[in-house]
Every structure is written in structure tokens, then in C-alpha cells.
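Enquirer: Quick one: the structure is below, and I'll ask about it shortly.
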Amino acid sequence: MQIDYNTESPAPIVVQEIRYALALSIVKNLLENGVIDRENATKVTVALANLYGVNRRAI
């Protein structure tokens with residue numbers, strides 16, 4: 001099976017990983033500033049991972 005690569009734009013999964021990383025940094029910031037608690041931060045990371053179709057990372 002041959003995979004065609006487009007060097008002009010990143011693969012869709014890479015874009016989703018970047019979006020997830022950005023959202024995760026916002027959640028981490030909210031957690032550090034006491035806006036949300038650890039339990040809700042964990043729930044948000046799971047929901048975001050499902051939304052973006054990536055593996056969840058710990059914060």
C-alpha cells in the first residue's frame with residue numbers, strides 16, 4: 001500500500017495533536033490558577049482527547 005504525502009500541509013492527526021496540546025495548556029493554566037480543580041481538569045482532558053481523537057496526556 002502506497003501512502004501519498006503532501007509536503008505542503010501536515011497530516012490531519014498532527015493538526016489534531018497540536019490543537020489538543022494547546023487546549024491542554026489552557027486547562028493546565030486554569031488548574032494552576034485555581035479556577036478548576038484536579039477532578040474537573042482530568043475530566044476535561046479526557047473529553048478533549050475524545051474530541052480530537054488523540055491519546056490523553058496527563059497534566
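If you're wondering about the labels, chains in the C-alpha cells are A, B, ... by order shown, residues count from 1 in each chain, ligands from 1 in order shown.
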What lies within 10 Å of A:Val54 using only C-alpha atoms, ignoring chain neighbours under 5 positions off, as a ChimeraX atom specification?
Expert: /A:13-14,16-17,20,46,48-49
Enquirer: Write out as a PyMOL selection string each polymer residue whose atoms come within 12 Å of A:Arg57, counting only C-alpha atoms; drop sequence neighbours fewer than 5 positions from it.
Expert: chain A and resi 17+20-21+23-25+27-28+41-50
Enquirer: How many Å separate atom CA of A:Asn33 from atom CA of A:Arg19?
Expert: 21.5 Å
Enquirer: I'd like to know which residues of chain A are alpha helix (DSSP H) (by DSSP, run on the backbone); could you write them as number ranges by chain?
Expert: A: 12-32, 38-52
Enquirer: In Å, how far is it from atom CA of A:Glu32 to atom CA of A:Ala58?
Expert: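 Going from atom CA of A:Glu32 over to atom CA of A:Ala58 covers 14.1 Å.
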Enquirer: One decimal, in Å: what's the spacing between atom CA of A:Asn40 and atom CA of A:Ile59?
Expert: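 Atom-to-atom, atom CA of A:Asn40 to atom CA of A:Ile59, that is 11.8 Å.
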